[in-house]
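Asker: File query25.tsv follows (TSV, C-alpha atoms):
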```
chain	number	residue	atom	x	y	z
A	1	MET	CA	-10.90	-34.21	21.61
A	2	ALA	CA	-13.68	-32.52	19.64
A	3	THR	CA	-13.47	-29.06	18.12
A	4	ILE	CA	-15.98	-26.58	19.48
A	5	THR	CA	-17.22	-23.39	17.86
A	6	LEU	CA	-18.02	-20.88	20.58
A	7	PRO	CA	-21.66	-19.76	20.47
A	8	THR	CA	-22.31	-16.10	19.78
A	9	PRO	CA	-23.28	-15.37	23.42
A	10	LEU	CA	-19.85	-16.51	24.54
A	11	LEU	CA	-18.17	-14.27	21.99
A	12	ALA	CA	-19.99	-11.12	23.10
A	13	PRO	CA	-17.55	-10.31	25.92
A	14	ILE	CA	-14.60	-10.89	23.62
A	15	LEU	CA	-16.06	-8.39	21.17
A	16	ASN	CA	-16.03	-5.84	24.00
A	17	LYS	CA	-19.71	-5.08	23.58
A	18	THR	CA	-20.41	-5.66	27.24
A	19	ASN	CA	-18.51	-5.22	30.48
A	20	GLU	CA	-17.63	-8.89	30.88
A	21	LYS	CA	-13.90	-9.49	30.85
A	22	GLN	CA	-13.32	-13.13	30.08
A	23	VAL	CA	-14.80	-16.41	28.92
A	24	ILE	CA	-13.11	-19.67	29.80
A	25	LEU	CA	-14.12	-22.91	28.09
A	26	VAL	CA	-12.78	-26.18	29.46
A	27	VAL	CA	-13.30	-29.28	27.36
A	28	SER	CA	-13.17	-32.74	28.90
A	29	GLY	CA	-15.17	-35.87	29.60
A	30	LYS	CA	-17.62	-37.59	27.31
A	31	THR	CA	-21.19	-37.02	26.26
A	32	SER	CA	-23.45	-37.62	23.30
A	33	GLN	CA	-25.28	-34.84	21.54
A	34	PRO	CA	-27.91	-35.22	18.80
A	35	THR	CA	-27.60	-33.41	15.51
A	36	THR	CA	-30.64	-31.70	14.02
A	37	ASN	CA	-31.62	-34.91	12.24
A	38	GLY	CA	-31.46	-36.87	15.46
A	39	ALA	CA	-28.40	-38.98	14.66
A	40	PRO	CA	-26.23	-39.17	17.79
A	41	VAL	CA	-22.74	-37.80	17.41
A	42	LYS	CA	-20.13	-39.04	19.85
A	43	THR	CA	-17.97	-36.25	21.15
A	44	GLU	CA	-15.62	-35.71	24.06
A	45	VAL	CA	-17.18	-32.54	25.32
A	46	LEU	CA	-18.24	-31.41	28.75
A	47	TYR	CA	-19.18	-27.76	28.65
A	48	GLN	CA	-17.78	-25.88	31.60
A	49	ALA	CA	-18.09	-22.26	30.54
A	50	SER	CA	-17.53	-19.55	33.08
A	51	SER	CA	-17.63	-15.82	32.58
A	52	LYS	CA	-17.94	-12.68	34.61
A	53	ALA	CA	-21.45	-12.42	33.26
A	54	LYS	CA	-23.53	-9.54	34.47
A	55	PRO	CA	-26.72	-10.52	36.36
A	56	TYR	CA	-28.95	-9.07	33.66
A	57	TYR	CA	-28.16	-12.10	31.47
A	58	THR	CA	-30.01	-14.47	33.83
A	59	ILE	CA	-33.75	-15.08	33.55
A	60	GLY	CA	-36.00	-17.43	35.51
A	61	PHE	CA	-39.19	-19.34	34.73
A	62	ILE	CA	-41.78	-20.80	37.10
A	63	MET	CA	-44.21	-23.42	35.78
A	64	ASP	CA	-47.23	-24.10	38.01
A	65	GLU	CA	-48.74	-27.49	37.16
A	66	ALA	CA	-51.60	-27.29	39.69
A	67	VAL	CA	-54.08	-26.23	37.04
A	68	ASN	CA	-56.82	-23.84	38.10
A	69	CYS	CA	-58.89	-22.37	35.29
A	70	ILE	CA	-61.21	-20.32	37.50
A	71	ASN	CA	-60.82	-16.69	36.45
A	72	SER	CA	-60.42	-15.36	39.98
A	73	LEU	CA	-57.64	-17.84	40.75
A	74	ASN	CA	-55.94	-18.57	37.45
A	75	LYS	CA	-53.09	-16.18	38.24
A	76	HIS	CA	-52.55	-17.77	41.68
A	77	ILE	CA	-49.36	-19.78	42.14
A	78	ASN	CA	-49.82	-23.11	43.89
A	79	TYR	CA	-46.95	-25.15	45.36
A	80	THR	CA	-48.12	-28.60	44.38
A	81	LYS	CA	-46.36	-30.09	41.38
A	82	ILE	CA	-44.37	-27.00	40.47
A	83	HIS	CA	-41.06	-26.60	38.68
A	84	TRP	CA	-38.78	-23.68	37.96
A	85	PHE	CA	-35.40	-22.94	36.43
A	86	TYR	CA	-32.81	-20.23	35.88
A	87	LEU	CA	-31.16	-19.74	32.49
A	88	ASN	CA	-27.95	-17.84	31.86
A	89	THR	CA	-28.54	-16.48	28.38
A	90	LEU	CA	-24.85	-15.70	27.93
A	91	THR	CA	-23.65	-19.28	28.40
A	92	GLY	CA	-26.82	-21.38	28.04
A	93	GLU	CA	-26.30	-22.86	31.51
A	94	TYR	CA	-29.47	-23.74	33.44
A	95	THR	CA	-30.36	-24.91	36.95
A	96	PHE	CA	-33.68	-26.71	37.29
A	97	TYR	CA	-35.83	-27.54	40.33
A	98	GLU	CA	-39.02	-29.60	40.45
A	99	SER	CA	-41.33	-31.00	43.07
A	100	THR	CA	-44.08	-33.59	42.99
A	101	SER	CA	-45.35	-32.65	46.46
A	102	ASN	CA	-49.13	-32.71	46.93
A	103	ASN	CA	-48.98	-30.25	49.81
A	104	ASP	CA	-49.61	-26.60	48.95
A	105	ASP	CA	-47.02	-25.38	51.44
A	106	LEU	CA	-43.77	-23.73	50.41
A	107	THR	CA	-41.76	-24.83	53.46
A	108	ASP	CA	-42.90	-28.40	52.97
A	109	LEU	CA	-42.02	-28.24	49.30
A	110	LEU	CA	-38.48	-26.95	49.84
A	111	ASN	CA	-37.83	-29.58	52.50
A	112	SER	CA	-39.49	-32.37	50.56
A	113	PRO	CA	-37.45	-35.41	49.54
A	114	THR	CA	-39.36	-35.30	46.25
A	115	LEU	CA	-37.60	-32.06	45.31
A	116	ASN	CA	-35.47	-32.93	42.27
A	117	THR	CA	-32.70	-30.73	40.94
A	118	THR	CA	-30.47	-30.83	37.91
A	119	SER	CA	-28.28	-28.51	35.90
A	120	GLY	CA	-26.69	-28.45	32.48
A	121	PHE	CA	-26.34	-26.47	29.29
A	122	ALA	CA	-29.32	-25.81	27.06
A	123	ARG	CA	-29.09	-26.32	23.32
A	124	VAL	CA	-27.90	-23.10	21.66
A	125	PHE	CA	-28.25	-22.51	17.92
A	126	SER	CA	-25.86	-19.91	16.53
A	127	GLY	CA	-24.13	-19.03	13.30
A	128	ASP	CA	-25.84	-19.85	10.00
A	129	PRO	CA	-29.63	-19.35	10.45
A	130	SER	CA	-30.32	-21.87	7.67
A	131	THR	CA	-29.40	-24.50	10.27
A	132	TYR	CA	-31.97	-23.22	12.78
A	133	ILE	CA	-34.07	-26.37	12.52
A	134	LEU	CA	-35.17	-28.19	15.66
A	135	ASP	CA	-36.17	-31.65	14.46
A	136	LEU	CA	-37.78	-33.31	17.47
A	137	GLN	CA	-39.40	-35.97	15.34
A	138	ASN	CA	-36.11	-37.68	14.62
A	139	MET	CA	-34.88	-37.61	18.20
A	140	THR	CA	-35.33	-40.23	20.86
A	141	LEU	CA	-36.95	-39.40	24.19
A	142	TYR	CA	-33.58	-39.06	25.86
A	143	GLU	CA	-32.11	-36.97	23.07
A	144	ARG	CA	-34.99	-34.54	23.48
A	145	GLN	CA	-34.42	-34.55	27.22
A	146	ALA	CA	-30.78	-33.62	26.66
A	147	LEU	CA	-31.87	-30.37	25.00
A	148	GLY	CA	-32.77	-28.87	28.39
A	149	PRO	CA	-35.91	-26.97	29.49
A	150	ALA	CA	-35.22	-24.11	27.09
A	151	ILE	CA	-33.57	-23.73	23.69
A	152	MET	CA	-31.85	-20.58	22.48
A	153	PHE	CA	-31.50	-19.29	18.93
A	154	ILE	CA	-28.98	-16.48	18.61
A	155	SER	CA	-30.10	-13.88	16.08
A	156	PRO	CA	-27.58	-13.25	13.30
A	157	ASN	CA	-26.13	-9.75	12.94
A	158	GLN	CA	-27.34	-8.71	16.40
A	159	GLY	CA	-30.99	-9.11	15.40
A	160	THR	CA	-30.86	-6.76	12.42
A	161	THR	CA	-31.79	-9.28	9.72
A	162	THR	CA	-34.80	-11.47	8.99
A	163	TYR	CA	-34.56	-15.24	9.49
A	164	ASP	CA	-36.70	-18.31	10.17
A	165	ILE	CA	-36.69	-20.91	12.93
A	166	THR	CA	-38.29	-24.27	12.16
A	167	VAL	CA	-39.55	-26.62	14.87
A	168	ILE	CA	-40.65	-30.12	13.84
A	169	PRO	CA	-42.66	-31.75	16.66
A	170	THR	CA	-43.18	-35.48	17.14
A	171	TYR	CA	-46.62	-36.07	15.73
A	172	VAL	CA	-49.04	-38.91	16.18
A	173	LYS	CA	-51.66	-39.86	13.62
A	174	VAL	CA	-54.65	-37.53	13.65
A	175	PRO	CA	-57.65	-38.90	11.68
A	176	THR	CA	-59.10	-35.43	11.03
A	177	ILE	CA	-56.00	-34.26	9.16
A	178	GLN	CA	-55.48	-35.50	5.64
A	179	ASN	CA	-52.10	-37.00	4.80
A	180	ASN	CA	-51.26	-37.06	8.48
A	181	THR	CA	-48.01	-38.95	8.00
A	182	GLU	CA	-46.44	-35.81	6.58
A	183	ARG	CA	-43.80	-34.08	8.70
A	184	ARG	CA	-45.40	-30.84	9.85
A	185	SER	CA	-43.44	-27.96	11.25
A	186	PHE	CA	-43.84	-24.73	13.15
A	187	VAL	CA	-42.05	-21.88	11.40
A	188	ILE	CA	-41.17	-18.78	13.41
A	189	HIS	CA	-40.48	-15.82	11.13
A	190	VAL	CA	-38.18	-13.43	12.98
A	191	LYS	CA	-38.02	-9.79	11.88
A	192	PRO	CA	-35.26	-7.30	12.76
A	193	VAL	CA	-35.51	-5.81	16.24
A	194	GLU	CA	-33.24	-2.93	15.17
A	195	ASN	CA	-31.66	-1.74	11.93
A	196	ASP	CA	-28.28	-0.72	13.33
A	197	PRO	CA	-26.20	-3.66	14.69
A	198	ASN	CA	-24.09	-1.23	16.73
A	199	LYS	CA	-27.13	-0.52	18.88
A	200	VAL	CA	-27.64	-4.17	19.87
A	201	VAL	CA	-25.35	-6.22	22.12
A	202	PHE	CA	-27.29	-9.47	22.09
A	203	ASP	CA	-30.55	-10.74	20.56
A	204	SER	CA	-32.02	-14.21	20.92
A	205	ILE	CA	-35.17	-16.26	20.64
A	206	ILE	CA	-35.83	-18.48	23.66
A	207	LEU	CA	-38.24	-21.41	23.37
A	208	VAL	CA	-39.46	-23.08	26.56
A	209	ASP	CA	-41.32	-26.35	27.00
A	210	ASP	CA	-43.24	-26.49	30.27
A	211	LEU	CA	-43.38	-30.30	30.22
A	212	TRP	CA	-39.62	-30.75	30.57
A	213	LYS	CA	-38.69	-32.85	33.60
A	214	VAL	CA	-35.56	-34.11	35.34
A	215	ASN	CA	-36.24	-37.77	34.64
A	216	PRO	CA	-38.14	-38.54	31.41
A	217	THR	CA	-39.77	-41.89	32.00
A	218	TYR	CA	-42.77	-41.90	29.73
A	219	GLU	CA	-44.18	-40.60	26.47
A	220	MET	CA	-47.21	-38.34	26.29
A	221	ALA	CA	-49.77	-38.08	23.53
A	222	TRP	CA	-52.66	-35.71	23.00
A	223	THR	CA	-54.33	-33.52	20.43
A	224	TRP	CA	-54.72	-29.77	20.49
A	225	GLN	CA	-56.55	-27.58	17.98
A	226	GLY	CA	-56.80	-30.55	15.64
A	227	ILE	CA	-53.06	-31.17	15.73
A	228	GLY	CA	-51.66	-34.24	17.41
A	229	TRP	CA	-48.16	-34.79	18.72
A	230	ASN	CA	-46.46	-37.00	21.21
A	231	GLY	CA	-43.19	-36.99	23.02
A	232	TYR	CA	-42.06	-36.05	26.49
A	233	VAL	CA	-40.66	-32.75	25.27
A	234	ALA	CA	-43.47	-32.12	22.84
A	235	SER	CA	-42.75	-28.97	20.91
A	236	TYR	CA	-40.76	-26.22	22.67
A	237	ILE	CA	-43.34	-23.70	21.56
A	238	THR	CA	-45.25	-23.57	24.83
A	239	HIS	CA	-43.58	-20.28	25.65
A	240	GLY	CA	-41.75	-18.14	23.12
A	241	LEU	CA	-39.71	-15.12	24.12
A	242	ARG	CA	-37.41	-12.65	22.39
A	243	PHE	CA	-34.66	-11.35	24.68
A	244	THR	CA	-32.59	-8.35	23.57
A	245	VAL	CA	-29.83	-6.40	25.30
A	246	PHE	CA	-29.18	-2.98	23.76
A	247	ALA	CA	-26.00	-0.93	23.83
A	248	ASN	CA	-27.82	1.92	25.60
A	249	ASN	CA	-28.17	-0.25	28.74
A	250	THR	CA	-31.77	-1.30	28.17
A	251	VAL	CA	-33.16	-4.81	28.04
A	252	ARG	CA	-36.25	-5.81	26.06
A	253	PHE	CA	-38.50	-8.87	26.44
A	254	GLU	CA	-41.09	-9.64	23.79
A	255	VAL	CA	-43.49	-12.53	24.32
A	256	PHE	CA	-44.75	-14.07	21.10
A	257	SER	CA	-46.22	-17.32	22.39
A	258	GLY	CA	-47.69	-18.41	25.71
A	259	HIS	CA	-50.25	-21.15	26.01
A	260	GLY	CA	-51.41	-24.19	27.90
A	261	ALA	CA	-53.06	-25.09	31.18
A	262	TYR	CA	-49.92	-24.39	33.22
A	263	LEU	CA	-49.23	-20.97	34.71
A	264	HIS	CA	-45.94	-19.44	33.54
A	265	ALA	CA	-44.08	-16.70	35.43
A	266	LEU	CA	-40.97	-14.95	34.17
A	267	LEU	CA	-38.49	-13.82	36.81
A	268	TYR	CA	-36.01	-11.08	35.99
A	269	ASN	CA	-34.02	-8.36	37.70
A	270	THR	CA	-31.19	-6.38	36.14
A	271	SER	CA	-29.46	-6.41	39.53
A	272	GLY	CA	-29.72	-10.18	39.83
A	273	LEU	CA	-32.27	-12.78	40.96
A	274	PRO	CA	-32.23	-14.43	44.40
A	275	ALA	CA	-30.65	-17.86	44.79
A	276	ILE	CA	-32.75	-20.33	42.83
A	277	ARG	CA	-33.83	-22.26	45.95
A	278	ASP	CA	-35.25	-18.99	47.28
A	279	ALA	CA	-37.01	-18.07	44.05
A	280	LEU	CA	-40.41	-19.26	45.21
A	281	ASN	CA	-40.29	-16.86	48.17
A	282	ILE	CA	-41.09	-14.19	45.60
A	283	THR	CA	-44.42	-15.87	44.95
A	284	VAL	CA	-45.47	-15.72	48.62
A	285	ASP	CA	-45.42	-11.95	48.50
A	286	TYR	CA	-47.20	-12.08	45.13
A	287	ASN	CA	-49.97	-14.39	46.38
A	288	ASN	CA	-50.49	-12.61	49.69
A	289	ASN	CA	-50.57	-9.07	48.36
A	290	GLY	CA	-53.27	-9.28	45.73
A	291	TYR	CA	-50.87	-10.57	43.05
A	292	ILE	CA	-48.45	-7.70	43.51
A	293	ASP	CA	-44.73	-8.48	43.52
A	294	ASN	CA	-43.02	-6.08	45.91
A	295	SER	CA	-39.68	-7.82	45.38
A	296	GLY	CA	-39.37	-6.48	41.86
A	297	ASN	CA	-38.25	-9.87	40.57
A	298	MET	CA	-41.39	-11.06	38.77
A	299	LEU	CA	-41.79	-9.57	35.31
A	300	TYR	CA	-45.06	-11.15	34.19
A	301	VAL	CA	-47.42	-14.08	34.78
A	302	LYS	CA	-49.15	-16.09	32.03
A	303	ARG	CA	-52.37	-17.31	33.62
A	304	HIS	CA	-53.54	-20.89	33.85
A	305	CYS	CA	-55.57	-22.12	30.85
A	306	LYS	CA	-54.88	-19.07	28.69
A	307	TYR	CA	-53.14	-18.66	25.35
A	308	TYR	CA	-51.46	-15.86	23.43
A	309	TYR	CA	-49.87	-15.78	19.99
A	310	ASN	CA	-47.95	-13.02	18.29
A	311	VAL	CA	-49.89	-9.93	17.28
A	312	ASN	CA	-48.12	-7.01	15.54
A	313	SER	CA	-44.79	-8.19	16.91
A	314	THR	CA	-41.24	-8.20	15.58
A	315	ILE	CA	-41.52	-11.97	15.37
A	316	GLY	CA	-43.80	-11.73	12.37
A	317	THR	CA	-45.70	-14.86	11.41
A	318	VAL	CA	-45.67	-18.03	13.44
A	319	TYR	CA	-47.44	-20.69	11.44
A	320	VAL	CA	-47.84	-24.41	10.99
A	321	SER	CA	-46.88	-25.72	7.59
A	322	ASN	CA	-49.75	-27.15	5.55
A	323	ILE	CA	-52.20	-26.84	8.41
A	324	GLU	CA	-54.77	-24.25	9.41
A	325	ASN	CA	-52.99	-21.07	10.45
A	326	ILE	CA	-53.82	-21.43	14.14
A	327	TYR	CA	-50.97	-19.24	15.29
A	328	ASN	CA	-52.49	-16.06	13.91
A	329	MET	CA	-55.82	-16.41	15.69
A	330	THR	CA	-57.12	-13.63	17.90
A	331	PRO	CA	-55.55	-14.09	21.33
A	332	GLN	CA	-57.59	-14.46	24.47
A	333	THR	CA	-57.92	-11.49	26.77
A	334	GLU	CA	-56.42	-11.27	30.26
A	335	VAL	CA	-53.65	-13.71	29.42
A	336	PHE	CA	-50.74	-11.84	31.02
A	337	TRP	CA	-50.67	-10.17	34.42
A	338	ASP	CA	-48.19	-7.45	35.38
A	339	PRO	CA	-47.27	-7.98	39.07
A	340	GLN	CA	-45.52	-4.61	39.23
A	341	THR	CA	-48.67	-2.63	38.42
A	342	GLY	CA	-51.29	-5.15	39.53
A	343	GLN	CA	-53.02	-4.94	36.15
A	344	ASN	CA	-53.64	-7.03	33.08
A	345	VAL	CA	-51.30	-6.49	30.18
A	346	THR	CA	-53.45	-5.11	27.37
A	347	ALA	CA	-51.06	-3.40	24.95
A	348	LEU	CA	-49.94	-5.49	21.97
A	349	PRO	CA	-47.37	-6.76	21.28
A	350	ILE	CA	-46.47	-7.99	24.77
A	351	VAL	CA	-43.23	-6.11	25.51
A	352	PHE	CA	-41.41	-5.45	28.77
A	353	THR	CA	-38.31	-3.32	29.17
A	354	ALA	CA	-35.79	-2.74	31.95
A	355	THR	CA	-32.79	-0.48	32.49
A	356	ILE	CA	-29.39	-1.91	33.38
A	357	PRO	CA	-27.85	0.00	36.29
A	358	SER	CA	-24.68	1.88	35.47
```
Show me the file's structure as structure tokens.
Answerer:
Amino acid sequence: MATITLPTPLLAPILNKTNEKQVILVVSGKTSQPTTNGAPVKTEVLYQASSKAKPYYTIGFIMDEAVNCINSLNKHINYTKIHWFYLNTLTGEYTFYESTSNNDDLTDLLNSPTLNTTSGFARVFSGDPSTYILDLQNMTLYERQALGPAIMFISPNQGTTTYDITVIPTYVKVPTIQNNTERRSFVIHVKPVENDPNKVVFDSIILVDDLWKVNPTYEMAWTWQGIGWNGYVASYITHGLRFTVFANNTVRFEVFSGHGAYLHALLYNTSGLPAIRDALNITVDYNNNGYIDNSGNMLYVKRHCKYYYNVNSTIGTVYVSNIENIYNMTPQTEVFWDPQTGQNVTALPIVFTATIPS
């Protein structure tokens, strides 16, 4: 039986910083988990964590693969080739749905035999931030798949200290880049979100890769902005989010990266999201009412074919080692849409807040 160190999110209830009362961890079964250098480590661990977690710890993502770059439609959600998942940020548990249906009809999609589902526990980095290195280059396809659709990095000292996260993608040879056999990395420089740790319950960086699928069966390769990489789960920098729960019953979301042809929508409600199979019903109201979400469950939408990188944010610099500093370029306009107000998000940095009900 392997020894497990409980991640910081699981310790939060024990520290009495939230209203949760218990965390139970049952260890059994067998699995294989990669280390940061990709070497498989055999363990006897099956994570079955349960807690009386409040609903405000759960977030949802929708990824619309039916690419439409036309300005008037690039915030429209289509039901062909779409996937979505819920993530419990307290435990790292996720539930994932995907469809390869070619019919833009929600009823057809939900009844389709091509609707695949899976669940598991996302990779959670916690403890010593010097170990916050995601080395995708030294992982196999299936080891990368085992990471889950999102990866969480728990901020040390409740987000009151500065630290770095390093992501090493799986690169292919790019003729335009000199010495292109060198291991290049994305470095995310995280600044304090607050100076007083007593004011913060939980702070984390969440990295999402919109290419993650239930069954990885092939490798992908392409170049972007002069940088080439390959691998089914290419980089986990497609969507970068800082999620903070404060002791004064407020929640803060800060988006520091959002790019690619896919539309991304973040679902969140402090009172709890609908059942995951019903999540797409939210988008019907959104599509039919001039991109207004009357359900109150859709926090923001990253449009098709748009990109955004951190500007004046608490994340600081996101850069690529030894390569042109592409992650500090001027972001495109009209990247994020606020379905609650029916307006583009224009204020930088991109921050959303919510109040936890008493």
Asker: I'd like the contact shell of A:Ile59 - 9 Å cut-off, all atoms listed in the file, skipping same-chain residues fewer than 4 positions apart - returned as a list in words.
Answerer: Pro55, Phe85, Tyr86, Leu87, Asn88, Thr89, Leu266, Leu267, Tyr268, Asn269, Gly272 and Leu273 of chain A
Asker: So which residues touch A:Phe125 within 10 Å, counting only C-alpha atoms, skipping near sequence neighbours fewer than 3 positions away, as a ChimeraX atom specification?
Answerer: /A:7-8,122,128-129,131-134,151-155,165,204-205
Asker: From the set A:Val190, A:Ile276, A:Val124, A:Ile168, which residue has the shortest atom-to-atom contact distance to A:Tyr97, counting only C-alpha atoms?
Answerer: A:Ile276
Asker: Quick one: 8 Å padding each side, axis-aligned, all listed atoms of stretch 183-193 of chain A - centre and edge lengths in Å to one decimal, as AutoDock Vina command-line options?
Answerer:
```
--center_x -40.3 --center_y -19.9 --center_z 12.5 --size_x 26.1 --size_y 44.3 --size_z 23.5
```
Asker: How far is it from atom CA of A:Asn102 to atom CA of A:Asn78, in Å with one decimal?
Answerer: 10.1 Å
Asker: Could you name the residues that touch A:Lys75 at 7 Å or less, counting all atoms listed in the file, but leaving out those on the same chain fewer than 2 positions away, as a list in words?
Answerer: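 Neighbouring residues, sequence-local ones excluded: Leu73, Ile77, Val301, Arg303 and His304 of chain A.
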Asker: Rounded to one decimal in Å, what is the spacing between atom CA of A:Asn248 and atom CA of A:Phe202?
Answerer: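 Pair atom CA of A:Asn248 / atom CA of A:Phe202 returns 11.9 Å.
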Asker: Nearest residue to A:Lys302 out of A:Gly127, A:Gly120, A:Pro192, A:Gly240, using all atoms listed in the file?
Answerer: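 Counting all atoms listed in the file, the residue closest to A:Lys302 is A:Gly240.
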Asker: Name the residues in contact with A:Asp338 at a cut-off of 8 Å, using all atoms listed in the file, excluding same-chain residues fewer than 3 positions from it; report them as a list in words.
Answerer: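 Residues near the query, excluding close chain neighbours: Leu299, Tyr300, Val301, Thr341, Gly342, Gln343, Asn344 and Val345 of chain A.
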Asker: Using the selection just defined, write its residues with C-alpha atoms as a compact mmCIF listing (two decimals), in the coordinates of the input.
Answerer:
```txt
# COMPACT_ATOMS: atom_id res chain seq x y z
CA LEU A 299 -41.79 -9.57 35.31
CA TYR A 300 -45.06 -11.15 34.19
CA VAL A 301 -47.42 -14.08 34.78
CA THR A 341 -48.67 -2.63 38.42
CA GLY A 342 -51.29 -5.15 39.53
CA GLN A 343 -53.02 -4.94 36.15
CA ASN A 344 -53.64 -7.03 33.08
CA VAL A 345 -51.30 -6.49 30.18
```
Asker: Mind checking which residues fall within 12 Å of A:Val335, counting all atoms listed in the file, ignoring those fewer than 2 positions away in the same chain, and posting them as number ranges by chain?
Answerer: A: 69, 71, 74-75, 255, 257-265, 300-309, 331-333, 337-338, 343-348, 350
Asker: To one decimal place, how far is atom CA of A:Ile206 from atom CA of A:Lys191 in Å?
Answerer: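 Interatomic distance, atom CA of A:Ile206 to atom CA of A:Lys191: 14.8 Å.
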Asker: From the options A:Pro349, A:Gly92, A:Gly159, A:Gly296, which residue's atoms come nearest to A:Asn195, counting only C-alpha atoms?
Answerer: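 Between A:Pro349, A:Gly92, A:Gly159, A:Gly296, the residue approaching A:Asn195 most closely is A:Gly159.
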